[in-house]
Amino acid sequence: MSQPLIVITGASSGIGAATARLFSAQGHALLLLARRLEKLEELGLPDALCRKVDVTDRDAVGTAVREAEDRFGPADAIVNNAGVMLLGLIADQPAQEWDRMIDVNVKGVLHGIRAVLPGMLARGTGTIINVSSVAGRKTYPNHAAYVGTKFAVHALSENLREEVAPSGIRVVTIAPGAVETELLSHTSNERIKEDYEAWKRSAGGALDPRIVAEAIAYAYRQPPDVTVREIVLAATGQQA
Ligand code: NDP
C-alpha cells in the first residue's frame with residue numbers, strides 16, 4: 001500500500017525532480033506536473049501520474065489533481081515548486097518576462113493551492129509546501145521582478161497559514177539560496193547570467209537540489225500537530 005498522494009509542480013528538473021525521487025523512495029504515490037512530459041516520464045517512478053500541465057492554467061491544474069485523487073486517493077500534500085527566474089533590470093527587461101514570472105511564480109502557486117485546499121479543509125488535514133527563495137526575504141542585484149514574486153510567495157504562504165491553521169492544515173515555506181539547477185538558464189541577458197555564475201563560484205558553489213528535497217521531506221515528516229513554518233537554507237559560502 002502506497003503512502004498518501006503528494007502533488008509536485010515543476011517536477012521535470014532541479015528541486016522538483018529531486019523531491020519526486022525522494023518522496024517516491026519513501027513510498028508515496030505522486031502527481032508530477034510540468035510542461036516537459038517526457039522529462040517527468042524519464043524519472044521512471046512507480047505510482048506516479050505524470051501530466052503535461054502549465055501551472056498558469058488553473059483548470060488544467062485542478063483537472064490533473066482530480067484525476068490523481070481518483071486513482072490514488074486524497075492529496076495529503078502539494079509542493080508548489082514550479083518557478084522561473086528571469087533576471088534583469090527594471091529599466092530594460094522585456095515586460096513579458098515580468099508577466100511570465102508573476103503568472104508562474106505567484107498565480108501558479110495559488111492555482112496549486114486551490115486545487116488541493118477544499119479537500120484538505122473537508123478532511124481537516126494536509127500540508128501545503130511552497131518553494132520560495134532567500135530572494136523572498138531580501139533583495140539581490142538584477143532580481144527586482146523575481147524578488148517581487150518570491151516576496152509574494154512568502155507573504156501569501158504566511159497569510160494562508162494563519163487562515164487554515166485552525167483547520168489542521170500546515171503551510172510551509174521553503175527558502176533556498178542558490179541551488180545547482182536549470183533555473184538560471186532561462187534568463188535572457190547573457191551578461192547577467194555570467195555575473196550570476198561568477199557569484200555562485202565565488203560562494204564555493206550552490207546547493208545540491210537533493211539537499212532542498214531533504215528539507216521539504218523533513219518539514220512534511222513532522223507529526224501533524226507540528227508545522228515547520230519556514231526553512232531557509234543556503235550554501236555555507238553564500239554570504240548574501
Ligand atoms: P529548474 O529550472 O530546474 O526547475 C523549474 C521547474 O519548474 C521545471 O520542472 C519546469 O518544468 C517547471 N516550470 C516552469 N514553468 C512552468 C510552468 N509554466 N508550468 C509548469 N511547470 C513549470 O529550477 P529549480 O529546480 O531551481 O526551481 C524550482 C523552484 O525553486 C523555483 O520556484 C525557483 O524559483 C526556486 N528556487 C530555486 C533556486 C535556485 O538557485 N535554483 C533558489 C531559490 C529558489 P517545465 O519547463 O518542464 O515546465
# chains A, B, ... in the order shown; residues from 1 in each chain; ligands from 1
$ residues_near_ligand --ligand "ligand 1" --cutoff "8 Å" --atoms "only C-alpha atoms and all ligand atoms" --output "ChimeraX atom specification"
/A:9-17,33-37,39-40,52-56,80-85,100,103-105,108,131-135,150,175-186,206-207,209
$ residues_around --residues "A:Glu158" --least-positions-apart "6" --cutoff "9 Å" --atoms "only C-alpha atoms" --output "list of chain:residue names"
A:Val171, A:Val172, A:Thr173, A:Arg229
$ write_last_selection --atoms "all heavy atoms" --output "PDB file, in the first residue's frame"
ATOM      1  N   VAL A 171       1.076  24.888   6.513  1.00  0.00           N
ATOM      2  CA  VAL A 171       1.637  25.615   5.366  1.00  0.00           C
ATOM      3  C   VAL A 171       3.107  25.898   5.667  1.00  0.00           C
ATOM      4  O   VAL A 171       3.441  26.466   6.716  1.00  0.00           O
ATOM      5  CB  VAL A 171       0.881  26.932   5.093  1.00  0.00           C
ATOM      6  CG1 VAL A 171       1.479  27.643   3.881  1.00  0.00           C
ATOM      7  CG2 VAL A 171      -0.604  26.652   4.856  1.00  0.00           C
ATOM      8  N   VAL A 172       3.952  25.469   4.741  1.00  0.00           N
ATOM      9  CA  VAL A 172       5.408  25.520   4.924  1.00  0.00           C
ATOM     10  C   VAL A 172       6.011  26.333   3.788  1.00  0.00           C
ATOM     11  O   VAL A 172       5.669  26.130   2.621  1.00  0.00           O
ATOM     12  CB  VAL A 172       5.997  24.083   4.874  1.00  0.00           C
ATOM     13  CG1 VAL A 172       7.510  24.123   5.012  1.00  0.00           C
ATOM     14  CG2 VAL A 172       5.348  23.178   5.914  1.00  0.00           C
ATOM     15  N   THR A 173       6.932  27.228   4.116  1.00  0.00           N
ATOM     16  CA  THR A 173       7.674  27.960   3.087  1.00  0.00           C
ATOM     17  C   THR A 173       9.112  27.469   3.086  1.00  0.00           C
ATOM     18  O   THR A 173       9.764  27.444   4.132  1.00  0.00           O
ATOM     19  CB  THR A 173       7.661  29.474   3.379  1.00  0.00           C
ATOM     20  OG1 THR A 173       6.307  29.899   3.526  1.00  0.00           O
ATOM     21  CG2 THR A 173       8.311  30.260   2.239  1.00  0.00           C
ATOM     22  N   ARG A 229       7.226  26.238   9.918  1.00  0.00           N
ATOM     23  CA  ARG A 229       6.676  27.334   9.114  1.00  0.00           C
ATOM     24  C   ARG A 229       7.570  27.734   7.956  1.00  0.00           C
ATOM     25  O   ARG A 229       7.090  28.107   6.897  1.00  0.00           O
ATOM     26  CB  ARG A 229       6.448  28.567   9.992  1.00  0.00           C
ATOM     27  CG  ARG A 229       5.402  28.351  11.053  1.00  0.00           C
ATOM     28  CD  ARG A 229       5.147  29.657  11.762  1.00  0.00           C
ATOM     29  NE  ARG A 229       4.219  29.484  12.867  1.00  0.00           N
ATOM     30  CZ  ARG A 229       3.749  30.500  13.578  1.00  0.00           C
ATOM     31  NH1 ARG A 229       4.133  31.743  13.309  1.00  0.00           N
ATOM     32  NH2 ARG A 229       2.915  30.275  14.561  1.00  0.00           N
TER      33      ARG A 229
END
$ select_by_dssp --residues "stretch 25-151 of chain A" --states "helix (DSSP H, G or I)" --output "JSON, numbers by chain"
{"A": [25, 37, 38, 39, 40, 41, 42, 58, 59, 60, 61, 62, 63, 64, 65, 66, 67, 68, 69, 70, 71, 72, 95, 96, 97, 98, 99, 100, 101, 102, 103, 104, 105, 106, 107, 108, 109, 110, 111, 112, 113, 114, 115, 116, 117, 118, 119, 120, 121, 122, 123, 134, 135, 136, 144, 145, 146, 147, 148, 149, 150, 151]}
$ write_last_selection --atoms "C-alpha atoms" --output "PDB file, in the first residue's frame"
ATOM      1  CA  ALA A  25      11.666   6.316  -2.361  1.00  0.00           C
ATOM      2  CA  LEU A  37       6.095  15.460 -20.043  1.00  0.00           C
ATOM      3  CA  GLU A  38       8.994  13.378 -21.358  1.00  0.00           C
ATOM      4  CA  LYS A  39      11.242  14.574 -18.514  1.00  0.00           C
ATOM      5  CA  LEU A  40       8.598  13.569 -15.964  1.00  0.00           C
ATOM      6  CA  GLU A  41       8.269  10.128 -17.534  1.00  0.00           C
ATOM      7  CA  GLU A  42      12.066   9.695 -17.718  1.00  0.00           C
ATOM      8  CA  ARG A  58      -5.868  26.956 -13.337  1.00  0.00           C
ATOM      9  CA  ASP A  59      -8.351  24.477 -14.803  1.00  0.00           C
ATOM     10  CA  ALA A  60      -5.612  22.136 -16.019  1.00  0.00           C
ATOM     11  CA  VAL A  61      -4.029  22.015 -12.545  1.00  0.00           C
ATOM     12  CA  GLY A  62      -7.419  21.230 -10.973  1.00  0.00           C
ATOM     13  CA  THR A  63      -8.244  18.542 -13.535  1.00  0.00           C
ATOM     14  CA  ALA A  64      -4.899  16.780 -13.031  1.00  0.00           C
ATOM     15  CA  VAL A  65      -5.319  16.804  -9.241  1.00  0.00           C
ATOM     16  CA  ARG A  66      -8.830  15.309  -9.512  1.00  0.00           C
ATOM     17  CA  GLU A  67      -7.541  12.584 -11.842  1.00  0.00           C
ATOM     18  CA  ALA A  68      -4.713  11.715  -9.435  1.00  0.00           C
ATOM     19  CA  GLU A  69      -7.057  11.709  -6.427  1.00  0.00           C
ATOM     20  CA  ASP A  70      -9.459   9.377  -8.264  1.00  0.00           C
ATOM     21  CA  ARG A  71      -6.555   6.997  -8.822  1.00  0.00           C
ATOM     22  CA  PHE A  72      -4.558   7.260  -5.591  1.00  0.00           C
ATOM     23  CA  ALA A  95       7.910  43.370 -19.669  1.00  0.00           C
ATOM     24  CA  GLN A  96       6.760  39.944 -20.905  1.00  0.00           C
ATOM     25  CA  GLU A  97       9.368  38.454 -18.561  1.00  0.00           C
ATOM     26  CA  TRP A  98       7.620  40.116 -15.595  1.00  0.00           C
ATOM     27  CA  ASP A  99       4.307  38.727 -16.801  1.00  0.00           C
ATOM     28  CA  ARG A 100       5.745  35.226 -17.041  1.00  0.00           C
ATOM     29  CA  MET A 101       7.308  35.293 -13.578  1.00  0.00           C
ATOM     30  CA  ILE A 102       4.161  36.677 -11.969  1.00  0.00           C
ATOM     31  CA  ASP A 103       1.980  34.129 -13.767  1.00  0.00           C
ATOM     32  CA  VAL A 104       4.146  31.090 -12.937  1.00  0.00           C
ATOM     33  CA  ASN A 105       5.683  32.011  -9.576  1.00  0.00           C
ATOM     34  CA  VAL A 106       2.645  33.652  -7.979  1.00  0.00           C
ATOM     35  CA  LYS A 107      -0.527  32.628  -9.794  1.00  0.00           C
ATOM     36  CA  GLY A 108       0.855  29.108 -10.354  1.00  0.00           C
ATOM     37  CA  VAL A 109       1.276  28.713  -6.587  1.00  0.00           C
ATOM     38  CA  LEU A 110      -2.274  29.947  -5.991  1.00  0.00           C
ATOM     39  CA  HIS A 111      -3.597  27.507  -8.592  1.00  0.00           C
ATOM     40  CA  GLY A 112      -1.841  24.607  -6.873  1.00  0.00           C
ATOM     41  CA  ILE A 113      -3.209  25.651  -3.503  1.00  0.00           C
ATOM     42  CA  ARG A 114      -6.771  25.995  -4.798  1.00  0.00           C
ATOM     43  CA  ALA A 115      -6.638  22.555  -6.411  1.00  0.00           C
ATOM     44  CA  VAL A 116      -5.998  20.759  -3.109  1.00  0.00           C
ATOM     45  CA  LEU A 117      -7.222  23.067  -0.340  1.00  0.00           C
ATOM     46  CA  PRO A 118     -11.010  22.449  -0.401  1.00  0.00           C
ATOM     47  CA  GLY A 119     -10.405  18.698   0.010  1.00  0.00           C
ATOM     48  CA  MET A 120      -7.846  19.258   2.763  1.00  0.00           C
ATOM     49  CA  LEU A 121     -10.260  21.546   4.633  1.00  0.00           C
ATOM     50  CA  ALA A 122     -13.032  18.961   4.330  1.00  0.00           C
ATOM     51  CA  ARG A 123     -10.704  16.262   5.728  1.00  0.00           C
ATOM     52  CA  VAL A 134      16.063  33.691   0.037  1.00  0.00           C
ATOM     53  CA  ALA A 135      15.091  36.175  -2.674  1.00  0.00           C
ATOM     54  CA  GLY A 136      11.698  36.114  -0.943  1.00  0.00           C
ATOM     55  CA  ALA A 144      13.708  43.130  -8.815  1.00  0.00           C
ATOM     56  CA  ALA A 145      10.780  41.459 -10.578  1.00  0.00           C
ATOM     57  CA  TYR A 146      11.810  37.951  -9.447  1.00  0.00           C
ATOM     58  CA  VAL A 147      12.205  39.142  -5.870  1.00  0.00           C
ATOM     59  CA  GLY A 148       8.731  40.671  -6.138  1.00  0.00           C
ATOM     60  CA  THR A 149       7.283  37.273  -6.988  1.00  0.00           C
ATOM     61  CA  LYS A 150       9.146  35.473  -4.212  1.00  0.00           C
ATOM     62  CA  PHE A 151       8.240  38.057  -1.554  1.00  0.00           C
TER      63      PHE A 151
END
$ closest_residue --among "A:Asp47, A:Glu230, A:Asp208, A:Glu163" --to "A:Ala18" --atoms "only C-alpha atoms"
A:Asp208
$ closest_residue --among "A:Asp225, A:Ala77, A:Ile6, A:Leu87" --to "A:Leu49" --atoms "only C-alpha atoms"
A:Ile6
$ select_by_dssp --residues "stretch 21-190 of chain A" --states "strand (DSSP E)" --output "PDB file with N, CA, C and O atoms, in the first residue's frame"
ATOM      1  N   HIS A  28       5.596   7.123  -1.541  1.00  0.00           N
ATOM      2  CA  HIS A  28       4.411   7.928  -1.855  1.00  0.00           C
ATOM      3  C   HIS A  28       3.944   7.748  -3.288  1.00  0.00           C
ATOM      4  O   HIS A  28       4.750   7.626  -4.212  1.00  0.00           O
ATOM      5  N   ALA A  29       2.644   7.785  -3.467  1.00  0.00           N
ATOM      6  CA  ALA A  29       2.058   7.993  -4.796  1.00  0.00           C
ATOM      7  C   ALA A  29       2.260   9.466  -5.137  1.00  0.00           C
ATOM      8  O   ALA A  29       2.224  10.331  -4.248  1.00  0.00           O
ATOM      9  N   LEU A  30       2.470   9.739  -6.419  1.00  0.00           N
ATOM     10  CA  LEU A  30       2.809  11.106  -6.824  1.00  0.00           C
ATOM     11  C   LEU A  30       1.984  11.554  -8.014  1.00  0.00           C
ATOM     12  O   LEU A  30       1.667  10.757  -8.906  1.00  0.00           O
ATOM     13  N   LEU A  31       1.668  12.836  -8.034  1.00  0.00           N
ATOM     14  CA  LEU A  31       1.224  13.505  -9.258  1.00  0.00           C
ATOM     15  C   LEU A  31       2.321  14.488  -9.615  1.00  0.00           C
ATOM     16  O   LEU A  31       2.641  15.398  -8.834  1.00  0.00           O
ATOM     17  N   LEU A  32       2.923  14.287 -10.790  1.00  0.00           N
ATOM     18  CA  LEU A  32       4.050  15.111 -11.227  1.00  0.00           C
ATOM     19  C   LEU A  32       3.597  15.990 -12.385  1.00  0.00           C
ATOM     20  O   LEU A  32       3.101  15.488 -13.405  1.00  0.00           O
ATOM     21  N   LEU A  33       3.766  17.303 -12.225  1.00  0.00           N
ATOM     22  CA  LEU A  33       3.298  18.262 -13.236  1.00  0.00           C
ATOM     23  C   LEU A  33       4.463  19.098 -13.763  1.00  0.00           C
ATOM     24  O   LEU A  33       5.334  19.512 -13.000  1.00  0.00           O
ATOM     25  N   ALA A  34       4.439  19.328 -15.060  1.00  0.00           N
ATOM     26  CA  ALA A  34       5.391  20.241 -15.722  1.00  0.00           C
ATOM     27  C   ALA A  34       4.965  20.314 -17.184  1.00  0.00           C
ATOM     28  O   ALA A  34       4.089  19.558 -17.626  1.00  0.00           O
ATOM     29  N   ALA A  48       3.350   6.965 -10.088  1.00  0.00           N
ATOM     30  CA  ALA A  48       3.495   8.401 -10.371  1.00  0.00           C
ATOM     31  C   ALA A  48       2.709   8.731 -11.636  1.00  0.00           C
ATOM     32  O   ALA A  48       3.013   8.211 -12.713  1.00  0.00           O
ATOM     33  N   LEU A  49       1.686   9.528 -11.470  1.00  0.00           N
ATOM     34  CA  LEU A  49       0.916  10.012 -12.619  1.00  0.00           C
ATOM     35  C   LEU A  49       1.610  11.275 -13.132  1.00  0.00           C
ATOM     36  O   LEU A  49       1.807  12.224 -12.366  1.00  0.00           O
ATOM     37  N   CYS A  50       2.019  11.238 -14.389  1.00  0.00           N
ATOM     38  CA  CYS A  50       2.739  12.377 -14.980  1.00  0.00           C
ATOM     39  C   CYS A  50       1.799  13.099 -15.924  1.00  0.00           C
ATOM     40  O   CYS A  50       1.219  12.467 -16.821  1.00  0.00           O
ATOM     41  N   ARG A  51       1.658  14.389 -15.757  1.00  0.00           N
ATOM     42  CA  ARG A  51       0.763  15.143 -16.628  1.00  0.00           C
ATOM     43  C   ARG A  51       1.429  16.427 -17.110  1.00  0.00           C
ATOM     44  O   ARG A  51       2.068  17.139 -16.318  1.00  0.00           O
ATOM     45  N   LYS A  52       1.264  16.669 -18.417  1.00  0.00           N
ATOM     46  CA  LYS A  52       1.782  17.899 -19.026  1.00  0.00           C
ATOM     47  C   LYS A  52       0.820  19.023 -18.672  1.00  0.00           C
ATOM     48  O   LYS A  52      -0.269  19.115 -19.254  1.00  0.00           O
ATOM     49  N   ALA A  75      -5.048  13.967  -1.958  1.00  0.00           N
ATOM     50  CA  ALA A  75      -3.702  14.552  -1.878  1.00  0.00           C
ATOM     51  C   ALA A  75      -3.438  14.967  -0.435  1.00  0.00           C
ATOM     52  O   ALA A  75      -4.170  15.776   0.137  1.00  0.00           O
ATOM     53  N   ASP A  76      -2.381  14.393   0.158  1.00  0.00           N
ATOM     54  CA  ASP A  76      -2.015  14.750   1.533  1.00  0.00           C
ATOM     55  C   ASP A  76      -1.087  15.956   1.553  1.00  0.00           C
ATOM     56  O   ASP A  76      -0.954  16.616   2.573  1.00  0.00           O
ATOM     57  N   ALA A  77      -0.433  16.233   0.417  1.00  0.00           N
ATOM     58  CA  ALA A  77       0.478  17.386   0.361  1.00  0.00           C
ATOM     59  C   ALA A  77       0.623  17.832  -1.083  1.00  0.00           C
ATOM     60  O   ALA A  77       0.442  17.050  -2.016  1.00  0.00           O
ATOM     61  N   ILE A  78       0.963  19.110  -1.223  1.00  0.00           N
ATOM     62  CA  ILE A  78       1.374  19.634  -2.521  1.00  0.00           C
ATOM     63  C   ILE A  78       2.674  20.394  -2.311  1.00  0.00           C
ATOM     64  O   ILE A  78       2.840  21.088  -1.294  1.00  0.00           O
ATOM     65  N   VAL A  79       3.597  20.214  -3.244  1.00  0.00           N
ATOM     66  CA  VAL A  79       4.821  21.014  -3.254  1.00  0.00           C
ATOM     67  C   VAL A  79       4.705  21.956  -4.449  1.00  0.00           C
ATOM     68  O   VAL A  79       4.845  21.531  -5.604  1.00  0.00           O
ATOM     69  N   ASN A  80       4.382  23.202  -4.176  1.00  0.00           N
ATOM     70  CA  ASN A  80       4.272  24.215  -5.235  1.00  0.00           C
ATOM     71  C   ASN A  80       5.667  24.740  -5.523  1.00  0.00           C
ATOM     72  O   ASN A  80       6.142  25.684  -4.893  1.00  0.00           O
ATOM     73  N   GLY A 126      -3.681  18.048   5.928  1.00  0.00           N
ATOM     74  CA  GLY A 126      -2.986  18.276   4.657  1.00  0.00           C
ATOM     75  C   GLY A 126      -1.834  19.246   4.853  1.00  0.00           C
ATOM     76  O   GLY A 126      -1.785  19.986   5.846  1.00  0.00           O
ATOM     77  N   THR A 127      -0.905  19.215   3.915  1.00  0.00           N
ATOM     78  CA  THR A 127       0.287  20.069   4.007  1.00  0.00           C
ATOM     79  C   THR A 127       0.529  20.753   2.674  1.00  0.00           C
ATOM     80  O   THR A 127       0.595  20.080   1.633  1.00  0.00           O
ATOM     81  N   ILE A 128       0.661  22.057   2.722  1.00  0.00           N
ATOM     82  CA  ILE A 128       0.962  22.848   1.525  1.00  0.00           C
ATOM     83  C   ILE A 128       2.372  23.391   1.687  1.00  0.00           C
ATOM     84  O   ILE A 128       2.669  24.111   2.652  1.00  0.00           O
ATOM     85  N   ILE A 129       3.243  23.013   0.762  1.00  0.00           N
ATOM     86  CA  ILE A 129       4.652  23.413   0.833  1.00  0.00           C
ATOM     87  C   ILE A 129       4.946  24.294  -0.376  1.00  0.00           C
ATOM     88  O   ILE A 129       4.842  23.835  -1.523  1.00  0.00           O
ATOM     89  N   ASN A 130       5.256  25.543  -0.127  1.00  0.00           N
ATOM     90  CA  ASN A 130       5.529  26.483  -1.209  1.00  0.00           C
ATOM     91  C   ASN A 130       7.024  26.765  -1.284  1.00  0.00           C
ATOM     92  O   ASN A 130       7.647  27.136  -0.278  1.00  0.00           O
ATOM     93  N   VAL A 131       7.596  26.602  -2.481  1.00  0.00           N
ATOM     94  CA  VAL A 131       9.022  26.863  -2.651  1.00  0.00           C
ATOM     95  C   VAL A 131       9.194  28.330  -3.031  1.00  0.00           C
ATOM     96  O   VAL A 131       8.830  28.752  -4.129  1.00  0.00           O
ATOM     97  N   ILE A 169      -4.558  22.383   8.824  1.00  0.00           N
ATOM     98  CA  ILE A 169      -3.747  22.338   7.602  1.00  0.00           C
ATOM     99  C   ILE A 169      -2.423  23.051   7.875  1.00  0.00           C
ATOM    100  O   ILE A 169      -2.402  24.140   8.455  1.00  0.00           O
ATOM    101  N   ARG A 170      -1.333  22.443   7.426  1.00  0.00           N
ATOM    102  CA  ARG A 170       0.003  23.030   7.627  1.00  0.00           C
ATOM    103  C   ARG A 170       0.460  23.732   6.343  1.00  0.00           C
ATOM    104  O   ARG A 170       0.254  23.213   5.245  1.00  0.00           O
ATOM    105  N   VAL A 171       1.076  24.888   6.513  1.00  0.00           N
ATOM    106  CA  VAL A 171       1.637  25.615   5.366  1.00  0.00           C
ATOM    107  C   VAL A 171       3.107  25.898   5.667  1.00  0.00           C
ATOM    108  O   VAL A 171       3.441  26.466   6.716  1.00  0.00           O
ATOM    109  N   VAL A 172       3.952  25.469   4.741  1.00  0.00           N
ATOM    110  CA  VAL A 172       5.408  25.520   4.924  1.00  0.00           C
ATOM    111  C   VAL A 172       6.011  26.333   3.788  1.00  0.00           C
ATOM    112  O   VAL A 172       5.669  26.130   2.621  1.00  0.00           O
ATOM    113  N   THR A 173       6.932  27.228   4.116  1.00  0.00           N
ATOM    114  CA  THR A 173       7.674  27.960   3.087  1.00  0.00           C
ATOM    115  C   THR A 173       9.112  27.469   3.086  1.00  0.00           C
ATOM    116  O   THR A 173       9.764  27.444   4.132  1.00  0.00           O
ATOM    117  N   ILE A 174       9.594  27.073   1.912  1.00  0.00           N
ATOM    118  CA  ILE A 174      10.978  26.631   1.764  1.00  0.00           C
ATOM    119  C   ILE A 174      11.728  27.742   1.029  1.00  0.00           C
ATOM    120  O   ILE A 174      11.329  28.160  -0.064  1.00  0.00           O
ATOM    121  N   ALA A 175      12.821  28.231   1.619  1.00  0.00           N
ATOM    122  CA  ALA A 175      13.535  29.386   1.060  1.00  0.00           C
ATOM    123  C   ALA A 175      15.008  29.047   0.860  1.00  0.00           C
ATOM    124  O   ALA A 175      15.847  29.323   1.722  1.00  0.00           O
ATOM    125  N   PRO A 176      15.334  28.468  -0.314  1.00  0.00           N
ATOM    126  CA  PRO A 176      16.738  28.151  -0.563  1.00  0.00           C
ATOM    127  C   PRO A 176      17.518  29.338  -1.104  1.00  0.00           C
ATOM    128  O   PRO A 176      16.963  30.202  -1.786  1.00  0.00           O
TER     129      PRO A 176
END
$ closest_residue --among "A:Tyr196, A:Gly124, A:Ala234, A:Gly44" --to "A:Val212" --atoms "only C-alpha atoms"
A:Ala234
$ atom_distance --atom1 "atom CA of A:Thr227" --atom2 "atom CA of A:Thr139"
26.6 Å
